[in-house]
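Asks: Contents of target_20.cif (mmCIF, C-alpha atoms):
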data_data
loop_
_atom_site.label_atom_id
_atom_site.label_comp_id
_atom_site.auth_asym_id
_atom_site.auth_seq_id
_atom_site.Cartn_x
_atom_site.Cartn_y
_atom_site.Cartn_z
CA PRO A 432 32.10 1.86 22.18
CA SER A 433 28.43 1.28 22.99
CA ILE A 434 26.26 1.59 26.12
CA LEU A 435 22.61 0.47 26.10
CA ILE A 436 20.13 0.70 29.01
CA ASP A 437 16.60 -0.70 28.84
CA ASN A 438 14.21 0.02 31.75
CA ASN A 439 10.48 -0.69 31.76
CA ILE A 440 7.37 -0.83 33.87
CA THR A 441 4.38 -2.83 32.64
CA HIS A 442 0.87 -3.49 33.88
CA SER A 443 -1.23 -6.51 32.95
CA PHE A 444 -4.99 -6.05 33.30
CA ASN A 445 -5.09 -9.68 34.48
CA ASN A 446 -3.33 -8.51 37.69
CA PRO A 447 -1.40 -11.73 38.46
CA VAL A 448 -0.70 -12.01 42.18
CA ASP A 449 2.96 -12.99 41.62
CA HIS A 450 3.70 -10.15 39.14
CA THR A 451 5.09 -12.71 36.67
CA VAL A 452 4.93 -11.99 32.92
CA VAL A 453 4.31 -15.10 30.78
CA GLY A 454 5.29 -15.56 27.15
CA SER A 455 7.74 -12.69 26.69
CA THR A 456 11.51 -12.41 26.33
CA ALA A 457 11.41 -8.61 26.79
CA LEU A 458 9.31 -8.40 29.95
CA SER A 459 9.60 -10.27 33.25
CA ARG A 460 7.58 -8.65 36.07
CA ASN A 461 4.38 -6.62 36.30
CA ASP A 462 3.80 -3.34 38.17
CA GLU A 463 7.48 -2.86 39.03
CA MET A 464 10.27 -0.77 37.58
CA VAL A 465 12.49 -3.39 35.96
CA ILE A 466 16.03 -3.11 34.59
CA SER A 467 15.62 -5.40 31.62
CA ALA A 468 19.05 -4.95 30.09
CA VAL A 469 22.29 -3.08 30.59
CA ASN A 470 24.73 -3.69 27.74
CA VAL A 471 28.26 -2.33 27.68
CA GLY A 472 30.93 -3.00 25.07
CA GLY A 473 31.63 -2.19 21.47
CA ASP A 474 33.57 -3.01 18.32
CA PHE A 475 37.33 -3.38 18.30
CA SER A 476 39.80 -3.74 15.45
CA TYR A 477 43.52 -3.84 14.80
CA GLY A 478 44.53 -4.03 11.19
CA ASN A 479 42.17 -6.59 9.71
CA ALA A 480 41.56 -8.35 13.04
CA ARG A 481 38.13 -7.56 14.43
CA GLY A 482 36.06 -8.33 17.50
CA ARG A 483 32.89 -7.34 19.29
CA ILE A 484 32.03 -7.68 22.97
CA MET A 485 28.70 -6.70 24.53
CA THR A 486 27.93 -7.61 28.12
CA GLN A 487 24.41 -8.30 29.35
CA PHE A 488 23.03 -7.56 32.80
CA GLY A 489 19.46 -7.25 34.03
CA THR A 490 16.47 -9.56 33.78
CA ARG A 491 17.10 -10.56 30.16
CA SER A 492 20.23 -12.41 31.32
CA GLN A 493 17.81 -14.73 33.14
CA VAL A 494 14.74 -14.59 30.90
CA VAL A 495 16.34 -15.43 27.54
CA PRO A 496 18.74 -18.28 28.55
CA ARG A 497 15.84 -19.99 30.37
CA ASN A 498 14.59 -21.13 26.97
CA ASP A 499 17.84 -22.95 26.16
CA LEU A 500 18.10 -26.44 27.68
CA SER A 501 21.24 -27.40 25.73
CA PRO A 502 23.56 -26.69 28.74
CA TYR A 503 22.00 -29.73 30.43
CA HIS A 504 23.70 -31.87 27.77
CA GLY A 505 26.93 -32.79 29.55
CA GLN A 506 28.80 -31.08 32.34
CA TYR A 507 29.52 -27.42 33.22
CA ASN A 508 26.76 -24.84 33.50
CA LEU A 509 27.02 -22.93 30.24
CA ALA A 510 23.85 -20.97 31.01
CA ASP A 511 25.62 -19.25 33.89
CA ALA A 512 28.96 -19.09 32.07
CA TYR A 513 27.53 -17.26 29.05
CA ARG A 514 24.42 -15.48 30.34
CA TYR A 515 26.19 -12.16 30.99
CA LEU A 516 27.40 -11.94 27.39
CA ASP A 517 25.17 -10.68 24.58
CA GLU A 518 27.76 -10.79 21.83
CA ALA A 519 31.34 -12.01 22.01
CA TYR A 520 33.15 -12.89 18.82
CA GLY A 521 36.48 -12.41 17.14
CA GLY A 522 37.42 -12.70 13.49
CA TYR A 523 39.21 -11.38 10.45
CA HIS A 524 38.24 -9.00 7.65
CA PHE A 525 39.41 -9.86 4.13
CA ASN A 526 39.72 -7.05 1.58
CA LYS A 527 37.91 -8.94 -1.16
CA TRP A 528 35.03 -7.46 -3.21
CA TYR A 529 33.23 -5.17 -0.74
CA GLY A 530 34.47 -7.16 2.24
CA ILE A 531 34.44 -10.68 3.70
CA ASN A 532 34.25 -11.24 7.46
CA VAL A 533 34.91 -14.55 9.21
CA ASP A 534 33.85 -14.51 12.88
CA GLY A 535 33.62 -17.10 15.63
CA GLY A 536 31.73 -16.83 18.92
CA LEU A 537 28.36 -15.54 20.11
CA PHE A 538 26.43 -13.30 17.70
CA MET A 539 22.87 -12.10 17.02
CA SER A 540 20.56 -14.14 14.78
CA TYR A 541 17.91 -11.56 13.75
CA ILE A 542 15.59 -14.32 12.55
CA GLY A 543 12.18 -12.77 13.10
CA LEU A 544 13.29 -9.27 12.02
CA ASN A 545 13.37 -7.57 15.43
CA SER A 546 16.66 -6.61 17.01
CA TYR A 547 17.64 -8.17 20.32
CA TYR A 548 18.30 -4.61 21.51
CA GLN A 549 15.04 -2.80 22.22
CA GLU A 550 16.70 0.52 21.43
CA GLU A 551 16.62 -0.50 17.74
CA ASN A 552 12.97 -1.63 17.52
CA TRP A 553 9.77 0.16 16.59
CA GLU A 554 7.59 -1.62 19.17
CA TYR A 555 8.54 -2.97 22.61
CA GLN A 556 6.70 -6.28 23.05
CA ALA A 557 7.68 -8.25 19.97
CA SER A 558 5.06 -10.13 18.00
CA TYR A 559 4.96 -13.93 18.20
CA THR A 560 7.16 -14.30 15.11
CA SER A 561 10.13 -12.58 16.74
CA ASP A 562 9.59 -13.62 20.36
CA ASN A 563 9.39 -17.32 19.47
CA THR A 564 12.38 -17.47 17.14
CA PRO A 565 16.07 -17.25 18.11
CA TRP A 566 17.82 -14.15 19.41
CA PHE A 567 21.38 -15.49 19.34
CA PHE A 568 23.66 -18.10 17.76
CA ASN A 569 26.90 -19.62 19.04
CA GLY A 570 29.25 -20.77 16.28
CA ILE A 571 31.00 -19.51 13.14
CA ARG A 572 29.70 -16.89 10.73
CA VAL A 573 30.97 -15.85 7.29
CA GLN A 574 29.71 -12.54 5.87
CA ILE A 575 30.28 -11.89 2.16
CA PHE A 576 29.57 -8.53 0.50
CA PRO A 577 29.90 -9.14 -3.27
CA THR A 578 28.34 -5.73 -4.06
CA LYS A 579 27.44 -2.55 -2.18
CA THR A 580 23.81 -3.66 -1.94
CA LEU A 581 24.07 -7.41 -1.26
CA LYS A 582 25.16 -9.41 1.79
CA ILE A 583 25.40 -13.21 1.90
CA GLU A 584 25.90 -14.74 5.34
CA LEU A 585 26.66 -18.40 6.16
CA TRP A 586 26.32 -20.03 9.60
CA GLY A 587 27.74 -23.16 11.20
CA ILE A 588 26.35 -23.03 14.74
CA ASN A 589 25.73 -25.16 17.82
CA GLY A 590 21.96 -24.91 17.36
CA TRP A 591 18.78 -22.87 17.45
CA GLN A 592 19.36 -20.21 20.14
CA SER A 593 21.54 -22.62 22.07
CA TYR A 594 24.80 -22.23 23.91
CA ALA A 595 25.63 -25.91 23.37
CA MET A 596 24.67 -28.64 20.90
CA PHE A 597 21.55 -30.76 21.57
CA ASN A 598 22.70 -33.77 19.56
CA ASN A 599 25.70 -34.67 17.42
CA MET A 600 24.97 -32.48 14.40
CA PRO A 601 25.45 -28.69 14.42
CA GLY A 602 22.94 -26.30 12.89
CA PHE A 603 23.47 -24.76 9.46
CA GLY A 604 21.93 -21.70 7.91
CA GLY A 605 22.41 -18.34 6.37
CA ASN A 606 21.10 -14.91 5.52
CA ILE A 607 20.69 -13.02 2.27
CA THR A 608 20.06 -9.27 2.56
CA TRP A 609 19.53 -7.04 -0.46
CA GLN A 610 19.16 -3.28 -0.04
CA PRO A 611 19.06 -1.67 -3.50
CA ASN A 612 18.60 1.81 -1.99
CA GLU A 613 17.98 3.50 1.35
CA ASN A 614 14.21 2.97 1.08
CA ILE A 615 13.99 -0.78 0.38
CA LYS A 616 15.36 -3.86 2.15
CA LEU A 617 14.60 -7.53 1.49
CA LEU A 618 16.06 -10.36 3.55
CA SER A 619 15.76 -14.08 4.02
CA ASN A 620 17.08 -16.25 6.87
CA ASP A 621 17.07 -20.05 6.57
CA TYR A 622 18.04 -22.73 9.10
CA TYR A 623 18.42 -26.52 9.31
CA GLY A 624 19.40 -28.51 12.40
CA THR A 625 18.55 -31.13 15.02
CA ASP A 626 17.36 -29.24 18.09
CA ALA A 627 15.22 -31.72 20.06
CA ALA A 628 17.23 -32.96 23.03
CA GLY A 629 17.86 -36.70 22.82
CA LEU A 630 16.13 -37.02 19.44
CA PRO A 631 18.90 -36.89 16.81
CA GLY A 632 16.48 -38.16 14.16
CA ARG A 633 14.23 -35.11 14.43
CA HIS A 634 15.25 -32.41 11.96
CA ARG A 635 14.11 -28.78 11.94
CA PHE A 636 13.83 -26.48 8.95
CA HIS A 637 12.88 -22.80 9.23
CA SER A 638 12.60 -19.99 6.70
CA ASP A 639 12.19 -16.35 7.78
CA ASN A 640 11.52 -13.65 5.17
CA SER A 641 11.05 -9.90 5.58
CA PHE A 642 10.40 -6.83 3.46
CA LEU A 643 10.92 -3.27 4.69
CA ALA A 644 9.93 -0.16 2.75
CA ARG A 645 10.08 3.55 3.51
CA TYR A 646 7.33 4.96 1.32
CA TYR A 647 7.46 8.62 2.40
CA HIS A 648 10.41 10.81 3.35
CA ASN A 649 10.39 14.59 3.83
CA PRO A 650 13.09 15.51 6.38
CA LYS A 651 12.27 19.24 6.18
CA SER A 652 8.64 18.78 7.13
CA LYS A 653 7.46 19.99 10.52
CA GLY A 654 4.62 17.50 10.33
CA ILE A 655 5.11 13.96 9.05
CA THR A 656 8.81 13.35 8.48
CA GLN A 657 8.75 9.81 7.14
CA MET A 658 6.62 6.65 6.98
CA ALA A 659 7.68 3.02 6.64
CA PHE A 660 6.33 -0.50 7.04
CA SER A 661 7.77 -3.95 7.66
CA ALA A 662 6.25 -7.32 6.76
CA THR A 663 7.57 -10.72 7.85
CA PHE A 664 6.51 -14.27 7.01
CA ASP A 665 7.96 -17.43 8.60
CA ILE A 666 7.43 -21.09 7.78
CA GLY A 667 9.11 -24.21 9.13
CA ASP A 668 8.63 -27.71 10.44
CA GLU A 669 10.14 -30.66 12.28
CA LYS A 670 10.27 -34.20 10.92
CA GLY A 671 11.33 -37.49 12.48
CA GLY A 672 11.31 -38.75 16.03
CA GLY A 673 7.52 -39.11 16.15
CA VAL A 674 6.47 -35.99 14.23
CA ASN A 675 5.84 -35.39 10.54
CA GLY A 676 6.09 -31.75 9.47
CA PHE A 677 2.94 -30.64 7.65
CA ASN A 678 1.56 -34.17 7.20
CA ASN A 679 -1.14 -34.95 9.77
CA SER A 680 -2.47 -38.18 8.25
CA ASP A 681 -0.84 -40.51 10.81
CA PRO A 682 -2.08 -40.05 14.41
CA ASN A 683 1.11 -41.72 15.66
CA ASN A 684 3.23 -39.15 13.79
CA PRO A 685 1.29 -35.86 14.06
CA ALA A 686 2.10 -32.68 12.19
CA GLN A 687 4.63 -30.38 13.83
CA ASN A 688 5.24 -27.06 12.12
CA PHE A 689 5.41 -23.29 12.44
CA ILE A 690 3.68 -20.60 10.36
CA SER A 691 3.63 -16.96 11.36
CA ALA A 692 3.38 -13.46 9.97
CA MET A 693 3.58 -9.91 11.30
CA PHE A 694 3.13 -6.42 9.91
CA TYR A 695 4.03 -3.02 11.39
CA ASN A 696 3.73 0.54 10.15
CA ARG A 697 5.55 3.49 11.73
CA ILE A 698 5.09 7.24 11.18
CA TRP A 699 7.66 9.80 12.36
CA PHE A 700 6.57 13.37 13.20
CA ALA A 701 8.23 16.70 14.02
CA LYS A 702 11.61 15.95 12.45
CA LYS A 703 11.67 12.45 13.98
CA LYS A 704 11.12 13.66 17.54
CA PHE A 705 7.88 11.66 17.80
CA ALA A 706 6.74 8.39 16.24
CA TRP A 707 3.63 6.23 16.16
CA CYS A 708 3.73 2.52 15.37
CA ILE A 709 0.81 0.14 14.91
CA GLY A 710 0.84 -3.51 13.96
CA GLY A 711 0.63 -7.10 15.08
CA GLY A 712 0.93 -10.70 14.07
CA TRP A 713 -0.33 -14.28 14.08
CA MET A 714 1.31 -17.65 14.75
CA THR A 715 0.35 -21.32 14.68
CA ASN A 716 2.72 -23.92 16.11
CA PRO A 717 1.30 -27.46 16.47
CA GLY A 718 3.68 -29.39 18.68
CA ARG A 719 4.58 -26.12 20.46
CA TYR A 720 8.28 -26.67 19.78
CA LEU A 721 8.91 -22.92 19.52
CA VAL A 722 6.33 -21.64 22.01
CA LEU A 723 7.77 -19.85 25.05
CA ALA A 724 6.50 -22.24 27.70
CA PRO A 725 5.00 -20.51 30.77
CA THR A 726 6.50 -21.60 34.06
CA GLY A 727 4.62 -23.79 36.48
CA ASP A 728 4.91 -23.26 40.21
CA ALA A 729 8.44 -22.18 41.05
CA SER A 730 10.79 -24.10 43.31
CA PRO A 731 12.34 -21.99 46.11
CA PHE A 732 15.59 -23.93 45.67
CA PRO A 733 15.92 -24.56 41.93
CA ASN A 734 18.57 -27.04 40.80
CA PRO A 735 20.45 -25.53 37.83
CA TYR A 736 21.41 -29.03 36.67
CA ASN A 737 17.83 -30.37 36.62
CA PRO A 738 15.53 -28.59 34.16
CA THR A 739 12.45 -30.31 35.58
CA GLN A 740 12.85 -28.28 38.74
CA THR A 741 13.04 -24.95 36.91
CA VAL A 742 9.52 -25.30 35.48
CA GLY A 743 7.82 -26.56 38.64
CA THR A 744 5.38 -29.41 38.96
CA HIS A 745 2.84 -28.10 36.42
CA PRO A 746 4.77 -27.63 33.17
CA PHE A 747 3.10 -26.37 30.00
CA THR A 748 2.94 -29.43 27.74
CA GLU A 749 4.92 -29.51 24.50
CA ASN A 750 3.90 -32.94 23.24
CA PRO A 751 3.57 -33.92 19.56
CA GLY A 752 0.12 -32.91 18.41
CA ASP A 753 -0.44 -30.23 21.08
CA LYS A 754 -2.05 -27.23 19.39
CA PHE A 755 -1.14 -23.59 19.80
CA THR A 756 -2.38 -20.60 17.81
CA GLY A 757 -1.90 -17.00 18.89
CA MET A 758 -2.41 -13.47 17.65
CA ASP A 759 -1.41 -10.03 18.90
CA TYR A 760 -1.68 -6.36 18.07
CA SER A 761 -0.16 -3.23 19.57
CA THR A 762 0.06 0.53 19.22
CA THR A 763 3.11 2.50 20.36
CA ILE A 764 3.89 6.18 20.87
CA SER A 765 7.56 7.20 21.08
CA TRP A 766 9.21 10.45 22.09
CA LEU A 767 12.82 10.77 20.91
CA PRO A 768 14.31 14.04 22.24
CA ASN A 769 17.71 13.12 20.75
CA GLN A 770 19.54 10.13 19.29
CA SER A 771 20.45 8.74 22.73
CA ILE A 772 17.09 8.53 24.52
CA GLU A 773 13.60 7.24 23.74
CA PHE A 774 10.48 7.21 25.92
CA LYS A 775 8.03 4.58 24.71
CA LEU A 776 4.38 4.03 25.71
CA GLU A 777 2.66 0.94 24.35
CA TYR A 778 -0.64 -0.88 24.58
CA VAL A 779 -0.57 -4.53 23.51
CA HIS A 780 -3.20 -7.26 23.30
CA ARG A 781 -2.24 -10.93 23.02
CA GLN A 782 -4.41 -14.02 22.88
CA SER A 783 -4.16 -17.76 22.24
CA ASP A 784 -6.50 -20.68 21.63
CA VAL A 785 -5.36 -22.45 24.84
CA PRO A 786 -4.83 -21.10 28.39
CA TYR A 787 -1.35 -19.56 28.25
CA PHE A 788 -1.06 -16.13 29.91
CA ALA A 789 -0.83 -15.46 33.65
CA GLY A 790 -4.26 -14.90 35.21
CA ALA A 791 -5.08 -13.27 38.54
CA GLY A 792 -3.85 -16.32 40.48
CA GLY A 793 -0.38 -16.17 38.94
CA VAL A 794 1.85 -19.12 38.11
CA THR A 795 3.98 -19.38 41.26
CA SER A 796 1.90 -20.21 44.36
CA PRO A 797 -1.37 -19.16 46.06
CA SER A 798 0.36 -16.13 47.60
CA GLY A 799 2.66 -15.41 44.66
CA TYR A 800 5.83 -16.16 46.68
CA THR A 801 8.10 -19.12 45.97
CA PHE A 802 8.30 -20.07 49.66
CA THR A 803 4.55 -20.58 50.08
CA PRO A 804 3.59 -24.28 50.35
CA LEU A 805 1.30 -25.46 47.59
CA ALA A 806 -2.13 -26.61 48.73
CA PRO A 807 -3.47 -29.86 47.24
CA GLY A 808 -5.18 -29.14 43.96
CA TRP A 809 -3.51 -25.77 43.35
CA VAL A 810 -2.45 -25.19 39.75
CA PRO A 811 -1.04 -22.16 37.90
CA ASP A 812 -3.76 -19.79 36.73
CA LEU A 813 -3.47 -19.61 32.94
CA VAL A 814 -5.92 -17.69 30.75
CA LYS A 815 -6.37 -17.24 27.00
CA SER A 816 -5.69 -13.51 26.66
CA GLU A 817 -4.04 -10.50 28.21
CA ASP A 818 -4.02 -6.75 27.71
CA ARG A 819 -1.16 -4.66 29.02
CA ILE A 820 0.40 -1.22 29.03
CA ILE A 821 4.18 -0.81 28.80
CA PHE A 822 6.28 2.26 29.56
CA ALA A 823 9.96 1.99 28.67
CA ILE A 824 12.98 4.28 28.90
CA LEU A 825 15.65 3.34 26.38
CA PHE A 826 19.12 4.87 26.40
CA ARG A 827 21.98 4.32 23.98
CA LEU A 828 25.31 5.95 23.51
#
In structure tokens, how does this file's structure come out?
Replies:
Amino acid sequence: PSILIDNNITHSFNNPVDHTVVGSTALSRNDEMVISAVNVGGDFSYGNARGRIMTQFGTRSQVVPRNDLSPYHGQYNLADAYRYLDEAYGGYHFNKWYGINVDGGLFMSYIGLNSYYQEENWEYQASYTSDNTPWFFNGIRVQIFPTKTLKIELWGINGWQSYAMFNNMPGFGGNITWQPNENIKLLSNDYYGTDAAGLPGRHRFHSDNSFLARYYHNPKSKGITQMAFSATFDIGDEKGGGVNGFNNSDPNNPAQNFISAMFYNRIWFAKKKFAWCIGGGWMTNPGRYLVLAPTGDASPFPNPYNPTQTVGTHPFTENPGDKFTGMDYSTTISWLPNQSIEFKLEYVHRQSDVPYFAGAGGVTSPSGYTFTPLAPGWVPDLVKSEDRIIFAILFRL
């Protein structure tokens, strides 16, 4: 069994009037105590049959599915049907080599290195690489463990962080993880699919690669207990349907690609009761096909079957050729009294080359409330940078 609780309060120095956080899947509202996630469930098995169920309540059940427009393909509102499930899959374990698992359902992707569950991460606000790549997949997964140190994972899925399928072809991908000892881990995730709604000729490729190393370990020390770093590099593109990957020679078919990197270092003190993490990252994404689009003014009566009404009348453009480059850095202090609780205090700076983050005027209305009529000429207040402080209480059992 497993119980996870993620609470946070965050303050943006931009002081948006509507308290809305832009460009994050972990945070949702400023200057308020927020229940981001409550997850209850666990792993179940009978003989070689296996299953995992984790429910999802709190703001993340709204924040994360908002980025998936695949439920608008066809009938039935899958966003509401699935949003309260984090993981839900069943499968079978074969006693071959060091194990083979075949699972079907909803499972975590881990492209971008960070865990979907904040209780497992070093920092709280993920860098661009993780926050703009998928958190979950819906499909079939095969895990093969040919040795004690090697895992090979194959995916046949509906799409890139999508409950449903955007076009007629599913997504395909896989993971290779090699951990020769307890101090070193290398992994690569790769994906290929068609994830632009209504554009079956546009194909996406993405490669995510990470290296983790613990370079100091002294569990008996009363000072520094251990030190480790993680480095991640992602590259990908989209081709077809009016875009041309890394080739920008044709103005009618502009380049559309993704390159990002992030690096973090963490030091544990006092027999792992305290930890300090510092790091950050960089991302460029011409075409903005993976950028978390900030909302425009909100509709007081949103239509769940019409995505144009969920982003308001001033949507953030995601046209071929639209530029976006961002960078971020953060520093985090953690207090871990025991294995079930962590208190995390973080300062994070994020910036972009185009107006993107919520400014003082917010992104909802002049007053910050959804029921306030919009005056002629009012637009969401977007700025190029933000600085914020985050305090989080993370519980797991």
Asks: Give as a list of chain:residue names each residue that has an atom at most 6 Å from (-0.9, -3.5, 21.9) in the file, counting all atoms listed in the file.
Replies: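 Output: A:Tyr760, A:Ser761, A:Thr762, A:Tyr778, A:Val779, A:His780.
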Asks: Those residues you just picked out, can you put them in a file as a PDB file, keeping the file's coordinate frame with C-alpha atoms?
Replies:
ATOM      1  CA  TYR A 760      -1.680  -6.360  18.070  1.00  0.00           C
ATOM      2  CA  SER A 761      -0.160  -3.230  19.570  1.00  0.00           C
ATOM      3  CA  THR A 762       0.060   0.530  19.220  1.00  0.00           C
ATOM      4  CA  TYR A 778      -0.640  -0.880  24.580  1.00  0.00           C
ATOM      5  CA  VAL A 779      -0.570  -4.530  23.510  1.00  0.00           C
ATOM      6  CA  HIS A 780      -3.200  -7.260  23.300  1.00  0.00           C
TER       7      HIS A 780
END
Asks: How far is it from CA of Gly667 in chain A to CA of Ser691 in chain A, in Å with one decimal?
Replies: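 Separation of CA of Gly667 in chain A and CA of Ser691 in chain A: 9.4 Å.
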Asks: Fewer than 4 positions away in the same chain doesn't count, so skip those; otherwise give me all residues within 8 Å of Asn569 in chain A, counting only C-alpha atoms, as an mmCIF file with C-alpha atoms, in the frame of the given file.
Replies:
data_model
loop_
_atom_site.group_PDB
_atom_site.id
_atom_site.type_symbol
_atom_site.label_atom_id
_atom_site.label_comp_id
_atom_site.auth_asym_id
_atom_site.auth_seq_id
_atom_site.Cartn_x
_atom_site.Cartn_y
_atom_site.Cartn_z
ATOM 1 C CA GLY A 535 33.620 -17.100 15.630
ATOM 2 C CA GLY A 536 31.730 -16.830 18.920
ATOM 3 C CA LEU A 537 28.360 -15.540 20.110
ATOM 4 C CA PHE A 538 26.430 -13.300 17.700
ATOM 5 C CA ILE A 588 26.350 -23.030 14.740
ATOM 6 C CA ASN A 589 25.730 -25.160 17.820
ATOM 7 C CA GLY A 590 21.960 -24.910 17.360
ATOM 8 C CA GLN A 592 19.360 -20.210 20.140
ATOM 9 C CA SER A 593 21.540 -22.620 22.070
ATOM 10 C CA TYR A 594 24.800 -22.230 23.910
ATOM 11 C CA ALA A 595 25.630 -25.910 23.370
#
Asks: Distance table requested - range 645-690 of chain A against range 625-634 of chain A, cut-off 10 Å, all atoms listed in the file: one row per qualifying residue with the closest atom pair and its distance in Å to one decimal, ordered by chain and rising residue number, as a Markdown table.
Replies:
| residue | atom | partner | partner_atom | distance |
| --- | --- | --- | --- | --- |
| A:Asp668 | CA | A:His634 | CA | 8.3 |
| A:Glu669 | CA | A:His634 | CA | 5.4 |
| A:Lys670 | CA | A:Arg633 | CA | 5.4 |
| A:Gly671 | CA | A:Arg633 | CA | 4.2 |
| A:Gly672 | CA | A:Arg633 | CA | 4.9 |
| A:Gly673 | CA | A:Arg633 | CA | 8.0 |
| A:Val674 | CA | A:Arg633 | CA | 7.8 |
| A:Asn675 | CA | A:Arg633 | CA | 9.3 |
| A:Gly676 | CA | A:His634 | CA | 9.5 |
Asks: Could you write out as a PDB file with C-alpha atoms, in the frame of the given file the residues that the PyMOL selection byres ((chain A and resi 800-813) around 10) matches in the shown file?
Replies:
ATOM      1  CA  PRO A 447      -1.400 -11.730  38.460  1.00  0.00           C
ATOM      2  CA  VAL A 448      -0.700 -12.010  42.180  1.00  0.00           C
ATOM      3  CA  ASP A 449       2.960 -12.990  41.620  1.00  0.00           C
ATOM      4  CA  HIS A 450       3.700 -10.150  39.140  1.00  0.00           C
ATOM      5  CA  VAL A 453       4.310 -15.100  30.780  1.00  0.00           C
ATOM      6  CA  PRO A 725       5.000 -20.510  30.770  1.00  0.00           C
ATOM      7  CA  THR A 726       6.500 -21.600  34.060  1.00  0.00           C
ATOM      8  CA  GLY A 727       4.620 -23.790  36.480  1.00  0.00           C
ATOM      9  CA  ASP A 728       4.910 -23.260  40.210  1.00  0.00           C
ATOM     10  CA  ALA A 729       8.440 -22.180  41.050  1.00  0.00           C
ATOM     11  CA  SER A 730      10.790 -24.100  43.310  1.00  0.00           C
ATOM     12  CA  PRO A 731      12.340 -21.990  46.110  1.00  0.00           C
ATOM     13  CA  PHE A 732      15.590 -23.930  45.670  1.00  0.00           C
ATOM     14  CA  GLY A 743       7.820 -26.560  38.640  1.00  0.00           C
ATOM     15  CA  THR A 744       5.380 -29.410  38.960  1.00  0.00           C
ATOM     16  CA  HIS A 745       2.840 -28.100  36.420  1.00  0.00           C
ATOM     17  CA  PRO A 746       4.770 -27.630  33.170  1.00  0.00           C
ATOM     18  CA  PHE A 747       3.100 -26.370  30.000  1.00  0.00           C
ATOM     19  CA  VAL A 785      -5.360 -22.450  24.840  1.00  0.00           C
ATOM     20  CA  PRO A 786      -4.830 -21.100  28.390  1.00  0.00           C
ATOM     21  CA  TYR A 787      -1.350 -19.560  28.250  1.00  0.00           C
ATOM     22  CA  PHE A 788      -1.060 -16.130  29.910  1.00  0.00           C
ATOM     23  CA  ALA A 789      -0.830 -15.460  33.650  1.00  0.00           C
ATOM     24  CA  GLY A 790      -4.260 -14.900  35.210  1.00  0.00           C
ATOM     25  CA  ALA A 791      -5.080 -13.270  38.540  1.00  0.00           C
ATOM     26  CA  GLY A 792      -3.850 -16.320  40.480  1.00  0.00           C
ATOM     27  CA  GLY A 793      -0.380 -16.170  38.940  1.00  0.00           C
ATOM     28  CA  VAL A 794       1.850 -19.120  38.110  1.00  0.00           C
ATOM     29  CA  THR A 795       3.980 -19.380  41.260  1.00  0.00           C
ATOM     30  CA  SER A 796       1.900 -20.210  44.360  1.00  0.00           C
ATOM     31  CA  PRO A 797      -1.370 -19.160  46.060  1.00  0.00           C
ATOM     32  CA  SER A 798       0.360 -16.130  47.600  1.00  0.00           C
ATOM     33  CA  GLY A 799       2.660 -15.410  44.660  1.00  0.00           C
ATOM     34  CA  VAL A 814      -5.920 -17.690  30.750  1.00  0.00           C
ATOM     35  CA  LYS A 815      -6.370 -17.240  27.000  1.00  0.00           C
ATOM     36  CA  SER A 816      -5.690 -13.510  26.660  1.00  0.00           C
TER      37      SER A 816
END
Asks: Let me make sure I understand: among A:Leu516, A:Ile440, A:Val452, A:Ile698, which one has the smallest atom-to-atom distance to Asn470 in chain A if we use all atoms listed in the file?
Replies: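 Looking only at the distances to Asn470 in chain A, the closest residue turns out to be A:Leu516.
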Asks: Counting all atoms listed in the file, what is within 7 Å of Ile484 in chain A, bar same-chain residues fewer than 2 positions away, as a PDB file with C-alpha atoms, keeping the file's coordinate frame?
Replies:
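In the end it all went to part_7.pdb:
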ATOM      1  CA  GLY A 472      30.930  -3.000  25.070  1.00  0.00           C
ATOM      2  CA  GLY A 473      31.630  -2.190  21.470  1.00  0.00           C
ATOM      3  CA  ASP A 474      33.570  -3.010  18.320  1.00  0.00           C
ATOM      4  CA  GLY A 482      36.060  -8.330  17.500  1.00  0.00           C
ATOM      5  CA  THR A 486      27.930  -7.610  28.120  1.00  0.00           C
ATOM      6  CA  GLU A 518      27.760 -10.790  21.830  1.00  0.00           C
ATOM      7  CA  ALA A 519      31.340 -12.010  22.010  1.00  0.00           C
ATOM      8  CA  TYR A 520      33.150 -12.890  18.820  1.00  0.00           C
TER       9      TYR A 520
END
